[in-house]
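Here is query.pdb, consisting of PDB, C-alpha atoms and all ligand atoms:
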ATOM      1  CA  MET R   1      91.412 -52.858 -51.815
ATOM      2  CA  SER R   2      91.565 -50.514 -54.811
ATOM      3  CA  ALA R   3      94.541 -50.515 -57.193
ATOM      4  CA  PRO R   4      97.352 -48.124 -56.287
ATOM      5  CA  LEU R   5      97.105 -44.721 -57.963
ATOM      6  CA  THR R   6      99.862 -42.648 -59.498
ATOM      7  CA  LEU R   7     100.608 -39.099 -58.438
ATOM      8  CA  ARG R   8      99.159 -37.885 -61.716
ATOM      9  CA  GLU R   9      95.877 -39.712 -61.138
ATOM     10  CA  VAL R  10      95.597 -38.382 -57.601
ATOM     11  CA  ILE R  11      96.205 -34.785 -58.739
ATOM     12  CA  LEU R  12      93.647 -35.122 -61.533
ATOM     13  CA  ALA R  13      91.055 -36.601 -59.180
ATOM     14  CA  ALA R  14      91.511 -33.752 -56.685
ATOM     15  CA  ARG R  15      91.302 -31.206 -59.481
ATOM     16  CA  ARG R  16      88.082 -32.752 -60.762
ATOM     17  CA  ARG R  17      86.464 -32.734 -57.323
ATOM     18  CA  PHE R  18      87.489 -29.093 -56.765
ATOM     19  CA  SER R  19      86.067 -28.092 -60.176
ATOM     20  CA  GLU R  20      82.805 -29.905 -59.477
ATOM     21  CA  ALA R  21      82.524 -28.048 -56.157
ATOM     22  CA  GLN R  22      83.229 -24.777 -57.975
ATOM     23  CA  ILE R  23      86.391 -24.109 -56.042
ATOM     24  CA  ASP R  24      88.338 -21.282 -57.737
ATOM     25  CA  ASN R  25      91.727 -22.239 -59.236
ATOM     26  CA  ALA R  26      90.953 -25.967 -58.982
ATOM     27  CA  ALA R  27      94.008 -27.016 -60.987
ATOM     28  CA  THR R  28      96.522 -24.869 -59.097
ATOM     29  CA  ASP R  29      95.022 -25.691 -55.722
ATOM     30  CA  ALA R  30      95.186 -29.434 -56.389
ATOM     31  CA  ARG R  31      98.854 -29.188 -57.368
ATOM     32  CA  VAL R  32      99.959 -26.807 -54.604
ATOM     33  CA  LEU R  33      98.086 -28.797 -51.954
ATOM     34  CA  ILE R  34      99.435 -32.189 -52.984
ATOM     35  CA  ALA R  35     102.987 -30.919 -53.542
ATOM     36  CA  GLY R  36     102.923 -29.285 -50.115
ATOM     37  CA  LEU R  37     101.564 -32.378 -48.384
ATOM     38  CA  LEU R  38     104.172 -34.664 -49.933
ATOM     39  CA  GLY R  39     107.036 -32.190 -49.543
ATOM     40  CA  LEU R  40     107.580 -32.046 -53.313
ATOM     41  CA  SER R  41     108.455 -29.057 -55.497
ATOM     42  CA  MET R  42     106.216 -28.145 -58.437
ATOM     43  CA  THR R  43     108.937 -29.591 -60.712
ATOM     44  CA  ASP R  44     108.986 -32.893 -58.776
ATOM     45  CA  LEU R  45     105.260 -33.050 -59.298
ATOM     46  CA  VAL R  46     105.667 -33.079 -63.078
ATOM     47  CA  VAL R  47     108.856 -35.145 -63.302
ATOM     48  CA  ASP R  48     107.627 -37.754 -60.829
ATOM     49  CA  ASP R  49     103.991 -37.939 -61.888
ATOM     50  CA  GLY R  50     104.144 -41.680 -62.523
ATOM     51  CA  ARG R  51     105.178 -42.406 -58.943
ATOM     52  CA  ILE R  52     102.797 -44.533 -56.888
ATOM     53  CA  VAL R  53     101.054 -42.769 -54.021
ATOM     54  CA  THR R  54     101.288 -44.891 -50.872
ATOM     55  CA  GLU R  55      98.219 -45.730 -48.841
ATOM     56  CA  GLU R  56      99.398 -43.418 -46.067
ATOM     57  CA  GLU R  57      99.960 -40.534 -48.487
ATOM     58  CA  GLY R  58      96.569 -41.211 -50.051
ATOM     59  CA  ALA R  59      94.870 -40.866 -46.654
ATOM     60  CA  LEU R  60      96.709 -37.608 -45.966
ATOM     61  CA  ILE R  61      95.682 -36.221 -49.352
ATOM     62  CA  GLU R  62      92.071 -37.338 -48.932
ATOM     63  CA  ALA R  63      91.772 -35.540 -45.581
ATOM     64  CA  ALA R  64      93.257 -32.371 -47.078
ATOM     65  CA  VAL R  65      91.005 -32.522 -50.146
ATOM     66  CA  GLN R  66      87.997 -32.758 -47.830
ATOM     67  CA  ARG R  67      89.158 -29.664 -45.969
ATOM     68  CA  ARG R  68      89.577 -27.734 -49.237
ATOM     69  CA  LEU R  69      86.066 -28.853 -50.276
ATOM     70  CA  ASN R  70      84.902 -27.269 -47.013
ATOM     71  CA  HIS R  71      86.451 -23.994 -48.303
ATOM     72  CA  GLU R  72      89.559 -24.000 -46.159
ATOM     73  CA  PRO R  73      92.292 -22.279 -48.209
ATOM     74  CA  VAL R  74      95.221 -24.398 -49.361
ATOM     75  CA  HIS R  75      97.833 -22.581 -47.274
ATOM     76  CA  ARG R  76      95.730 -22.864 -44.125
ATOM     77  CA  ILE R  77      95.587 -26.620 -44.690
ATOM     78  CA  LEU R  78      99.355 -26.731 -45.199
ATOM     79  CA  GLY R  79      99.782 -24.427 -42.173
ATOM     80  CA  LYS R  80     102.184 -22.060 -43.891
ATOM     81  CA  ARG R  81     102.523 -19.553 -46.669
ATOM     82  CA  GLU R  82     105.412 -17.850 -48.383
ATOM     83  CA  PHE R  83     105.680 -14.067 -48.056
ATOM     84  CA  TYR R  84     108.545 -12.033 -49.482
ATOM     85  CA  GLY R  85     110.644 -15.198 -49.758
ATOM     86  CA  LEU R  86     109.973 -16.282 -46.157
ATOM     87  CA  ASP R  87     107.957 -19.381 -45.282
ATOM     88  CA  LEU R  88     105.588 -18.248 -42.523
ATOM     89  CA  ALA R  89     103.548 -20.453 -40.196
ATOM     90  CA  LEU R  90      99.870 -19.525 -39.957
ATOM     91  CA  SER R  91      97.532 -19.962 -37.014
ATOM     92  CA  PRO R  92      93.784 -19.401 -36.607
ATOM     93  CA  ALA R  93      94.655 -16.038 -34.986
ATOM     94  CA  THR R  94      96.610 -14.735 -37.976
ATOM     95  CA  LEU R  95      95.536 -13.338 -41.318
ATOM     96  CA  GLU R  96      96.991 -15.311 -44.194
ATOM     97  CA  PRO R  97      99.574 -12.945 -45.720
ATOM     98  CA  ARG R  98      98.593 -11.772 -49.219
ATOM     99  CA  PRO R  99     100.933 -11.054 -52.134
ATOM    100  CA  ASP R 100      99.564  -7.475 -52.351
ATOM    101  CA  THR R 101     101.051  -6.743 -48.923
ATOM    102  CA  GLU R 102     104.511  -7.288 -50.414
ATOM    103  CA  ILE R 103     103.973  -3.936 -52.161
ATOM    104  CA  LEU R 104     103.875  -2.240 -48.760
ATOM    105  CA  VAL R 105     107.187  -3.890 -47.839
ATOM    106  CA  GLU R 106     108.751  -2.923 -51.169
ATOM    107  CA  GLY R 107     107.511   0.656 -50.823
ATOM    108  CA  LEU R 108     108.958   1.061 -47.312
ATOM    109  CA  LEU R 109     112.384  -0.493 -47.871
ATOM    110  CA  PRO R 110     114.000   2.589 -49.472
ATOM    111  CA  TYR R 111     112.906   4.758 -46.517
ATOM    112  CA  LEU R 112     114.174   2.257 -43.988
ATOM    113  CA  GLN R 113     117.458   1.824 -45.866
ATOM    114  CA  ALA R 114     117.954   5.614 -46.033
ATOM    115  CA  MET R 115     117.419   5.816 -42.249
ATOM    116  CA  VAL R 116     119.979   3.064 -41.605
ATOM    117  CA  GLU R 117     122.467   4.834 -43.889
ATOM    118  CA  ALA R 118     121.937   8.121 -42.085
ATOM    119  CA  LYS R 119     121.994   6.853 -38.484
ATOM    120  CA  GLY R 120     123.336   3.294 -38.605
ATOM    121  CA  THR R 121     120.052   1.896 -37.314
ATOM    122  CA  ALA R 122     116.270   2.287 -37.507
ATOM    123  CA  ARG R 123     113.462   1.084 -35.280
ATOM    124  CA  PHE R 124     109.965   0.427 -36.510
ATOM    125  CA  LEU R 125     106.617  -0.526 -35.017
ATOM    126  CA  ASP R 126     104.422  -3.082 -36.829
ATOM    127  CA  MET R 127     100.861  -2.789 -35.521
ATOM    128  CA  GLY R 128      98.633  -5.870 -35.744
ATOM    129  CA  THR R 129     101.528  -8.014 -36.894
ATOM    130  CA  GLY R 130      99.640 -11.346 -37.277
ATOM    131  CA  THR R 131     102.190 -13.832 -38.665
ATOM    132  CA  GLY R 132     104.841 -11.109 -38.440
ATOM    133  CA  ALA R 133     104.922 -10.982 -42.248
ATOM    134  CA  ILE R 134     105.578  -7.260 -42.790
ATOM    135  CA  ALA R 135     108.046  -6.847 -39.934
ATOM    136  CA  LEU R 136     109.995 -10.013 -40.723
ATOM    137  CA  ALA R 137     110.248  -9.173 -44.426
ATOM    138  CA  LEU R 138     111.553  -5.680 -43.576
ATOM    139  CA  LEU R 139     114.023  -7.058 -41.002
ATOM    140  CA  GLY R 140     115.205  -9.719 -43.439
ATOM    141  CA  GLU R 141     115.825  -7.189 -46.198
ATOM    142  CA  CYS R 142     117.249  -4.436 -44.028
ATOM    143  CA  PRO R 143     120.083  -5.289 -41.625
ATOM    144  CA  GLY R 144     120.570  -2.711 -38.883
ATOM    145  CA  THR R 145     116.845  -2.406 -38.182
ATOM    146  CA  ALA R 146     114.822  -3.611 -35.194
ATOM    147  CA  ALA R 147     111.077  -4.116 -34.857
ATOM    148  CA  LEU R 148     108.459  -3.978 -32.138
ATOM    149  CA  ALA R 149     105.467  -6.002 -33.324
ATOM    150  CA  THR R 150     102.126  -5.617 -31.582
ATOM    151  CA  ASP R 151      98.915  -7.590 -31.798
ATOM    152  CA  ILE R 152      95.798  -7.811 -29.681
ATOM    153  CA  SER R 153      96.034 -11.606 -29.880
ATOM    154  CA  SER R 154      98.725 -13.350 -27.833
ATOM    155  CA  GLU R 155      98.246 -16.428 -30.012
ATOM    156  CA  ALA R 156      99.172 -14.349 -33.071
ATOM    157  CA  LEU R 157     102.237 -13.024 -31.253
ATOM    158  CA  LYS R 158     103.339 -16.583 -30.478
ATOM    159  CA  THR R 159     103.050 -17.461 -34.171
ATOM    160  CA  ALA R 160     104.988 -14.329 -35.134
ATOM    161  CA  GLU R 161     107.734 -15.111 -32.585
ATOM    162  CA  ASN R 162     108.062 -18.647 -33.951
ATOM    163  CA  ASN R 163     108.318 -17.262 -37.467
ATOM    164  CA  ALA R 164     111.015 -14.817 -36.366
ATOM    165  CA  ALA R 165     113.017 -17.625 -34.745
ATOM    166  CA  LEU R 166     112.577 -19.853 -37.807
ATOM    167  CA  HIS R 167     114.279 -17.236 -39.945
ATOM    168  CA  GLY R 168     116.949 -16.218 -37.416
ATOM    169  CA  LEU R 169     115.385 -12.763 -37.004
ATOM    170  CA  ASP R 170     114.340 -13.107 -33.354
ATOM    171  CA  GLY R 171     117.264 -11.020 -32.090
ATOM    172  CA  ARG R 172     115.787  -7.940 -33.780
ATOM    173  CA  PHE R 173     112.087  -8.802 -33.411
ATOM    174  CA  HIS R 174     110.268  -7.967 -30.184
ATOM    175  CA  THR R 175     106.582  -8.386 -29.449
ATOM    176  CA  LEU R 176     104.068  -6.626 -27.246
ATOM    177  CA  ARG R 177     100.428  -7.509 -26.682
ATOM    178  CA  SER R 178      98.589  -4.259 -27.218
ATOM    179  CA  ASP R 179      95.312  -2.899 -28.495
ATOM    180  CA  TRP R 180      96.826  -0.494 -31.056
ATOM    181  CA  PHE R 181      98.869   2.105 -29.093
ATOM    182  CA  ASP R 182      97.491   1.255 -25.628
ATOM    183  CA  GLU R 183     100.657  -0.431 -24.276
ATOM    184  CA  VAL R 184     103.181   1.184 -26.616
ATOM    185  CA  GLN R 185     105.515   3.641 -24.944
ATOM    186  CA  ALA R 186     108.589   4.081 -27.110
ATOM    187  CA  LYS R 187     109.078   6.247 -30.199
ATOM    188  CA  PHE R 188     109.971   4.839 -33.589
ATOM    189  CA  ASP R 189     111.432   5.920 -36.923
ATOM    190  CA  MET R 190     108.599   4.217 -38.752
ATOM    191  CA  ILE R 191     105.154   2.775 -38.074
ATOM    192  CA  VAL R 192     103.760   0.130 -40.426
ATOM    193  CA  SER R 193     100.438  -1.667 -40.455
ATOM    194  CA  ASN R 194      98.060  -3.739 -42.504
ATOM    195  CA  PRO R 195      95.081  -3.098 -40.201
ATOM    196  CA  PRO R 196      91.555  -4.473 -40.598
ATOM    197  CA  TYR R 197      89.944  -2.257 -43.229
ATOM    198  CA  ILE R 198      86.897  -4.035 -44.644
ATOM    199  CA  THR R 199      83.509  -2.624 -43.666
ATOM    200  CA  SER R 200      81.549  -4.860 -41.277
ATOM    201  CA  GLN R 201      78.819  -5.217 -43.911
ATOM    202  CA  VAL R 202      81.238  -6.415 -46.609
ATOM    203  CA  VAL R 203      83.004  -8.803 -44.193
ATOM    204  CA  SER R 204      79.736 -10.690 -43.785
ATOM    205  CA  GLU R 205      79.550 -11.095 -47.577
ATOM    206  CA  LEU R 206      83.142 -12.233 -48.199
ATOM    207  CA  GLU R 207      83.886 -15.570 -49.830
ATOM    208  CA  PRO R 208      83.914 -18.431 -47.283
ATOM    209  CA  GLU R 209      87.683 -18.948 -47.753
ATOM    210  CA  VAL R 210      88.264 -15.528 -46.138
ATOM    211  CA  ARG R 211      85.173 -15.114 -43.943
ATOM    212  CA  LEU R 212      85.459 -18.499 -42.241
ATOM    213  CA  PHE R 213      89.235 -18.852 -41.995
ATOM    214  CA  ASP R 214      90.881 -15.441 -41.606
ATOM    215  CA  PRO R 215      90.333 -13.979 -38.112
ATOM    216  CA  LEU R 216      87.528 -11.428 -38.072
ATOM    217  CA  ALA R 217      89.660  -9.064 -35.974
ATOM    218  CA  ALA R 218      92.129  -8.840 -38.854
ATOM    219  CA  LEU R 219      89.442  -7.971 -41.405
ATOM    220  CA  ASP R 220      86.663  -5.928 -39.831
ATOM    221  CA  GLY R 221      87.403  -2.207 -39.860
ATOM    222  CA  GLY R 222      84.009  -1.162 -38.475
ATOM    223  CA  ALA R 223      80.989   0.467 -40.091
ATOM    224  CA  ASP R 224      83.013   2.459 -42.648
ATOM    225  CA  GLY R 225      86.190   0.312 -42.555
ATOM    226  CA  LEU R 226      88.227   3.211 -41.151
ATOM    227  CA  ASP R 227      88.205   2.503 -37.386
ATOM    228  CA  ALA R 228      91.844   1.380 -37.217
ATOM    229  CA  TYR R 229      93.097   4.238 -39.397
ATOM    230  CA  ARG R 230      91.424   6.761 -37.077
ATOM    231  CA  VAL R 231      93.294   5.301 -34.096
ATOM    232  CA  ILE R 232      96.608   5.111 -35.970
ATOM    233  CA  ALA R 233      96.321   8.634 -37.438
ATOM    234  CA  LYS R 234      95.564  10.079 -34.012
ATOM    235  CA  GLY R 235      98.301   8.220 -32.092
ATOM    236  CA  ALA R 236     101.135   7.936 -34.626
ATOM    237  CA  GLY R 237     102.581  11.450 -34.188
ATOM    238  CA  ALA R 238     103.282  10.893 -30.492
ATOM    239  CA  HIS R 239     105.077   7.593 -31.243
ATOM    240  CA  LEU R 240     107.313   8.821 -34.061
ATOM    241  CA  GLU R 241     110.716  10.474 -34.120
ATOM    242  CA  PRO R 242     110.933  13.732 -36.093
ATOM    243  CA  ASP R 243     110.514  13.027 -39.845
ATOM    244  CA  GLY R 244     109.001   9.634 -38.959
ATOM    245  CA  ILE R 245     107.225   7.608 -41.637
ATOM    246  CA  VAL R 246     103.894   5.759 -41.564
ATOM    247  CA  GLY R 247     103.295   3.007 -44.138
ATOM    248  CA  LEU R 248      99.848   1.453 -44.474
ATOM    249  CA  GLU R 249      97.947  -1.052 -46.518
ATOM    250  CA  ILE R 250      94.495   0.275 -47.422
ATOM    251  CA  GLY R 251      91.313  -0.947 -49.097
ATOM    252  CA  PHE R 252      90.908  -0.205 -52.818
ATOM    253  CA  ASP R 253      88.524   2.721 -52.225
ATOM    254  CA  GLN R 254      90.160   4.239 -49.131
ATOM    255  CA  LYS R 255      92.965   6.366 -50.579
ATOM    256  CA  ASP R 256      91.143   9.683 -50.179
ATOM    257  CA  SER R 257      89.553   8.991 -46.802
ATOM    258  CA  VAL R 258      92.732   7.625 -45.191
ATOM    259  CA  THR R 259      94.820  10.456 -46.682
ATOM    260  CA  ALA R 260      92.385  13.009 -45.247
ATOM    261  CA  LEU R 261      92.692  11.413 -41.791
ATOM    262  CA  PHE R 262      96.492  11.622 -41.837
ATOM    263  CA  LEU R 263      96.644  15.143 -43.319
ATOM    264  CA  SER R 264      94.439  16.387 -40.517
ATOM    265  CA  ASN R 265      96.786  14.749 -37.969
ATOM    266  CA  GLY R 266      99.989  16.455 -39.084
ATOM    267  CA  PHE R 267     101.225  14.187 -41.881
ATOM    268  CA  LEU R 268     102.206  14.708 -45.540
ATOM    269  CA  LEU R 269     101.383  12.098 -48.173
ATOM    270  CA  LEU R 270     104.661  10.890 -49.704
ATOM    271  CA  GLU R 271     103.508   8.058 -51.937
ATOM    272  CA  ALA R 272     100.470   6.067 -52.991
ATOM    273  CA  LYS R 273     101.013   2.662 -54.588
ATOM    274  CA  CYS R 274      98.727   0.285 -56.459
ATOM    275  CA  ASP R 275      98.455  -3.487 -56.040
ATOM    276  CA  HIS R 276      98.915  -6.168 -58.705
ATOM    277  CA  GLY R 277      95.348  -5.554 -59.880
ATOM    278  CA  GLY R 278      95.922  -1.804 -60.333
ATOM    279  CA  GLN R 279      93.910  -0.820 -57.225
ATOM    280  CA  ASP R 280      95.110   1.699 -54.626
ATOM    281  CA  ARG R 281      96.672  -0.427 -51.882
ATOM    282  CA  VAL R 282      99.513   1.370 -50.081
ATOM    283  CA  LEU R 283      99.951   4.850 -48.599
ATOM    284  CA  ILE R 284     103.168   6.279 -47.164
ATOM    285  CA  PHE R 285     103.097   9.428 -45.005
ATOM    286  CA  ARG R 286     105.738  11.573 -43.333
ATOM    287  CA  LEU R 287     105.237  13.429 -40.058
ATOM    288  CA  LYS R 288     105.407  17.173 -40.762
ATOM    289  CA  PRO R 289     108.032  19.027 -38.725
ATOM    290  CA  SER R 290     106.278  20.700 -35.807
TER     291      SER R 290
HETATM  292  N1  LIG D 301      93.416  -7.798 -48.073
HETATM  293  C1  LIG D 301      92.612  -8.563 -47.192
HETATM  294  C2  LIG D 301      91.468  -9.200 -47.944
HETATM  295  O1  LIG D 301      91.231  -8.887 -49.061
HETATM  296  C3  LIG D 301      92.068  -7.681 -46.093
HETATM  297  C4  LIG D 301      93.078  -7.460 -45.073
HETATM  298  C5  LIG D 301      92.713  -6.346 -44.148
HETATM  299  O2  LIG D 301      91.569  -6.002 -43.831
HETATM  300  N2  LIG D 301      93.746  -5.751 -43.725
HETATM  301  O3  LIG D 301      90.817 -10.071 -47.460
END
Show how you would write the structure in this file as structure tokens.
Ligand code: GLN
Amino acid sequence: MSAPLTLREVILAARRRFSEAQIDNAATDARVLIAGLLGLSMTDLVVDDGRIVTEEEGALIEAAVQRRLNHEPVHRILGKREFYGLDLALSPATLEPRPDTEILVEGLLPYLQAMVEAKGTARFLDMGTGTGAIALALLGECPGTAALATDISSEALKTAENNAALHGLDGRFHTLRSDWFDEVQAKFDMIVSNPPYITSQVVSELEPEVRLFDPLAALDGGADGLDAYRVIAKGAGAHLEPDGIVGLEIGFDQKDSVTALFLSNGFLLLEAKCDHGGQDRVLIFRLKPS
């Protein structure tokens, strides 16, 4: 049997194997993965780096390192990811929430808060909710609101419901299996979505971490990436209260095309926001009074 290894040695070994396999962010991934597996904070990892890794822990880490070497992202291996301060469970049917999507949440909060101030409550529809990330972050930040979250995948809805319950938000979070607006009947003060927006061609060229592990249905926006926006632009007016808001995540080169779709369906562009890399990422529209 080999000599017991310290935490530090195990982290360094994982980092080395990730580097050799040309995994991006080898150092961070090794630390985040091992901390997550052992239930340690990043501080524990440094303070406790001389601690001996048990045989059982070593086996757990080895299995996870193998999965990362097969391109599975760290948070998929851990089964959860933090979004807007909420730990969210992932499943194969859900997109892994990205930090850029927090900009959509941040951009919509003032509108939602203004609605709650004006009327005491606000109801919003989150289309293609996945883990529930956007809806749960908005609900968590904005008391007095309620959400209907749709997805075409019932497995995704189960994950989203579990996430809502985990954070005590299930009383204000309702789900409906629906292909975009097909099953949606009510009207809302706001519609939000991070729909699939990558062109089918580009999806097939994405890095394996995304292409093999995020669900295709959450990524592929059709030949020009705009399929979902066409459906949302066409249906949103009929599902919004007067002055209703639509907030969307978009691809970096879709600001003009998505804006054109919404302008021609009775909306005004209120705001466009960039992501952490300075790319167009969020559009917010208001329904024009009829
Ligand atoms: N932002 C995601 C990515 O880069 C795409 C998500 C989407 O299509 N809505 O992989």
Let me know the centre plus edge lengths, in Å and rounded to one decimal, of a box with edges along x, y and z that contains all listed atoms of ligand LIG 301 (chain D) and is padded by 3 Å on every side, as JSON.
{"center_x": 92.3, "center_y": -7.9, "center_z": -46.4, "size_x": 8.9, "size_y": 10.3, "size_z": 11.3}
Contacts of chain R with ligand LIG 301 (chain D) up to 10 Å, shortest pair per row, only C-alpha atoms and all ligand atoms, as a tab-separated table:
residue	atom	partner	partner_atom	distance
R:Leu95	CA	D:LIG301	C4	7.4
R:Glu96	CA	D:LIG301	C1	8.6
R:Pro97	CA	D:LIG301	C1	8.4
R:Arg98	CA	D:LIG301	N1	6.6
R:Pro99	CA	D:LIG301	N1	9.1
R:Asp100	CA	D:LIG301	N1	7.5
R:Thr101	CA	D:LIG301	N1	7.8
R:Gly128	CA	D:LIG301	N2	9.4
R:Ser193	CA	D:LIG301	N2	8.5
R:Asn194	CA	D:LIG301	N2	4.9
R:Pro195	CA	D:LIG301	N2	4.6
R:Pro196	CA	D:LIG301	O2	3.6
R:Tyr197	CA	D:LIG301	O2	4.1
R:Ile198	CA	D:LIG301	O2	5.1
R:Thr199	CA	D:LIG301	O2	8.7
R:Val203	CA	D:LIG301	O3	8.6
R:Leu206	CA	D:LIG301	O3	8.0
R:Glu207	CA	D:LIG301	O3	9.2
R:Glu209	CA	D:LIG301	O3	9.4
R:Val210	CA	D:LIG301	O3	6.2
R:Arg211	CA	D:LIG301	O3	8.3
R:Asp214	CA	D:LIG301	O3	7.9
R:Pro215	CA	D:LIG301	O2	9.9
R:Leu216	CA	D:LIG301	O2	8.9
R:Ala217	CA	D:LIG301	O2	8.6
R:Ala218	CA	D:LIG301	O2	5.8
R:Leu219	CA	D:LIG301	O2	3.8
R:Asp220	CA	D:LIG301	O2	6.3
R:Gly221	CA	D:LIG301	O2	6.9
R:Gly225	CA	D:LIG301	O2	8.4
R:Ala228	CA	D:LIG301	N2	9.8
R:Leu248	CA	D:LIG301	N2	9.5
R:Glu249	CA	D:LIG301	N2	6.9
R:Ile250	CA	D:LIG301	N2	7.1
R:Gly251	CA	D:LIG301	N1	7.2
R:Phe252	CA	D:LIG301	N1	9.3
R:Arg281	CA	D:LIG301	N1	8.9
Report task. Using CA of Thr145 (chain R) and CA of Ala122 (chain R) as the two end points, give the distance in Å to one decimal. Result ->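 Answer for the CA of Thr145 (chain R) to CA of Ala122 (chain R) separation: 4.8 Å.
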Query raised in the report: At what distance in Å, to one decimal, does CA of Glu205 (chain R) lie from CA of Glu82 (chain R)?
Result: 26.7 Å
Leu166 (chain R) environment, 10 Å, only C-alpha atoms, sequence neighbours closer than 5 positions dropped, as a short mmCIF file (atom, residue, chain, number, x, y, z; two decimals) with C-alpha atoms, in the coordinates of the input:
data_model
loop_
_atom_site.label_atom_id
_atom_site.label_comp_id
_atom_site.auth_asym_id
_atom_site.auth_seq_id
_atom_site.Cartn_x
_atom_site.Cartn_y
_atom_site.Cartn_z
CA LEU R 86 109.97 -16.28 -46.16
CA ASP R 87 107.96 -19.38 -45.28
CA LEU R 88 105.59 -18.25 -42.52
CA ALA R 89 103.55 -20.45 -40.20
CA ALA R 160 104.99 -14.33 -35.13
CA GLU R 161 107.73 -15.11 -32.58
#
**Report entry** Hits of the PyMOL selection byres (((chain R and resi 170-175) around 8) and not hetatm) in this structure, as a list of chain:residue names
**Finding:** R:Ala135, R:Leu136, R:Leu139, R:Thr145, R:Ala146, R:Ala147, R:Leu148, R:Ala149, R:Thr150, R:Leu157, R:Glu161, R:Ala164, R:Ala165, R:His167, R:Gly168, R:Leu169, R:Leu176, R:Arg177
Report task. Find the residues around region 68-71 of chain R up to 12 Å (only C-alpha atoms counted), leave out those fewer than 6 positions away in its own chain, and share them as JSON, numbers by chain. Result -> {"R": [14, 15, 16, 17, 18, 19, 20, 21, 22, 23, 24, 25, 26, 29, 30, 32, 33, 34, 61, 62, 77, 78, 207, 208, 209, 210, 211, 212, 213, 214]}
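The space between CA of Val10 (chain R) and CA of Leu37 (chain R) spans 12.5 Å.
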Query raised in the report: Mind telling me what the PyMOL selection byres (((chain R and resi 188) around 7) and not hetatm) catches here, as a VMD selection string?
Result: chain R and resid 123 to 125 186 to 187 189 to 191 239 to 241
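Proximity of R:Ala35, R:Asn163, R:Leu226, R:Val65 to Thr94 (chain R), computed with only C-alpha atoms, is greatest for R:Asn163.
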Need the shell around region 262-272 of chain R: protein/DNA/RNA residues with any atom at most 12 Å away, counting all atoms listed in the file. Skip same-chain ones fewer than 2 positions apart. Format as a PDB file with C-alpha atoms, keeping the file's coordinate frame?
ATOM      1  CA  ILE R 103     103.973  -3.936 -52.161  1.00  0.00           C
ATOM      2  CA  LEU R 104     103.875  -2.240 -48.760  1.00  0.00           C
ATOM      3  CA  GLY R 107     107.511   0.656 -50.823  1.00  0.00           C
ATOM      4  CA  LEU R 108     108.958   1.061 -47.312  1.00  0.00           C
ATOM      5  CA  TYR R 111     112.906   4.758 -46.517  1.00  0.00           C
ATOM      6  CA  LEU R 226      88.227   3.211 -41.151  1.00  0.00           C
ATOM      7  CA  TYR R 229      93.097   4.238 -39.397  1.00  0.00           C
ATOM      8  CA  ARG R 230      91.424   6.761 -37.077  1.00  0.00           C
ATOM      9  CA  VAL R 231      93.294   5.301 -34.096  1.00  0.00           C
ATOM     10  CA  ILE R 232      96.608   5.111 -35.970  1.00  0.00           C
ATOM     11  CA  ALA R 233      96.321   8.634 -37.438  1.00  0.00           C
ATOM     12  CA  LYS R 234      95.564  10.079 -34.012  1.00  0.00           C
ATOM     13  CA  GLY R 235      98.301   8.220 -32.092  1.00  0.00           C
ATOM     14  CA  ALA R 236     101.135   7.936 -34.626  1.00  0.00           C
ATOM     15  CA  GLY R 237     102.581  11.450 -34.188  1.00  0.00           C
ATOM     16  CA  ALA R 238     103.282  10.893 -30.492  1.00  0.00           C
ATOM     17  CA  LEU R 240     107.313   8.821 -34.061  1.00  0.00           C
ATOM     18  CA  PRO R 242     110.933  13.732 -36.093  1.00  0.00           C
ATOM     19  CA  ASP R 243     110.514  13.027 -39.845  1.00  0.00           C
ATOM     20  CA  GLY R 244     109.001   9.634 -38.959  1.00  0.00           C
ATOM     21  CA  ILE R 245     107.225   7.608 -41.637  1.00  0.00           C
ATOM     22  CA  VAL R 246     103.894   5.759 -41.564  1.00  0.00           C
ATOM     23  CA  GLY R 247     103.295   3.007 -44.138  1.00  0.00           C
ATOM     24  CA  LEU R 248      99.848   1.453 -44.474  1.00  0.00           C
ATOM     25  CA  GLU R 249      97.947  -1.052 -46.518  1.00  0.00           C
ATOM     26  CA  ILE R 250      94.495   0.275 -47.422  1.00  0.00           C
ATOM     27  CA  PHE R 252      90.908  -0.205 -52.818  1.00  0.00           C
ATOM     28  CA  GLN R 254      90.160   4.239 -49.131  1.00  0.00           C
ATOM     29  CA  LYS R 255      92.965   6.366 -50.579  1.00  0.00           C
ATOM     30  CA  ASP R 256      91.143   9.683 -50.179  1.00  0.00           C
ATOM     31  CA  SER R 257      89.553   8.991 -46.802  1.00  0.00           C
ATOM     32  CA  VAL R 258      92.732   7.625 -45.191  1.00  0.00           C
ATOM     33  CA  THR R 259      94.820  10.456 -46.682  1.00  0.00           C
ATOM     34  CA  ALA R 260      92.385  13.009 -45.247  1.00  0.00           C
ATOM     35  CA  CYS R 274      98.727   0.285 -56.459  1.00  0.00           C
ATOM     36  CA  ASP R 275      98.455  -3.487 -56.040  1.00  0.00           C
ATOM     37  CA  GLY R 278      95.922  -1.804 -60.333  1.00  0.00           C
ATOM     38  CA  GLN R 279      93.910  -0.820 -57.225  1.00  0.00           C
ATOM     39  CA  ASP R 280      95.110   1.699 -54.626  1.00  0.00           C
ATOM     40  CA  ARG R 281      96.672  -0.427 -51.882  1.00  0.00           C
ATOM     41  CA  VAL R 282      99.513   1.370 -50.081  1.00  0.00           C
ATOM     42  CA  LEU R 283      99.951   4.850 -48.599  1.00  0.00           C
ATOM     43  CA  ILE R 284     103.168   6.279 -47.164  1.00  0.00           C
ATOM     44  CA  PHE R 285     103.097   9.428 -45.005  1.00  0.00           C
ATOM     45  CA  ARG R 286     105.738  11.573 -43.333  1.00  0.00           C
ATOM     46  CA  LEU R 287     105.237  13.429 -40.058  1.00  0.00           C
ATOM     47  CA  LYS R 288     105.407  17.173 -40.762  1.00  0.00           C
ATOM     48  CA  PRO R 289     108.032  19.027 -38.725  1.00  0.00           C
ATOM     49  CA  SER R 290     106.278  20.700 -35.807  1.00  0.00           C
TER      50      SER R 290
END
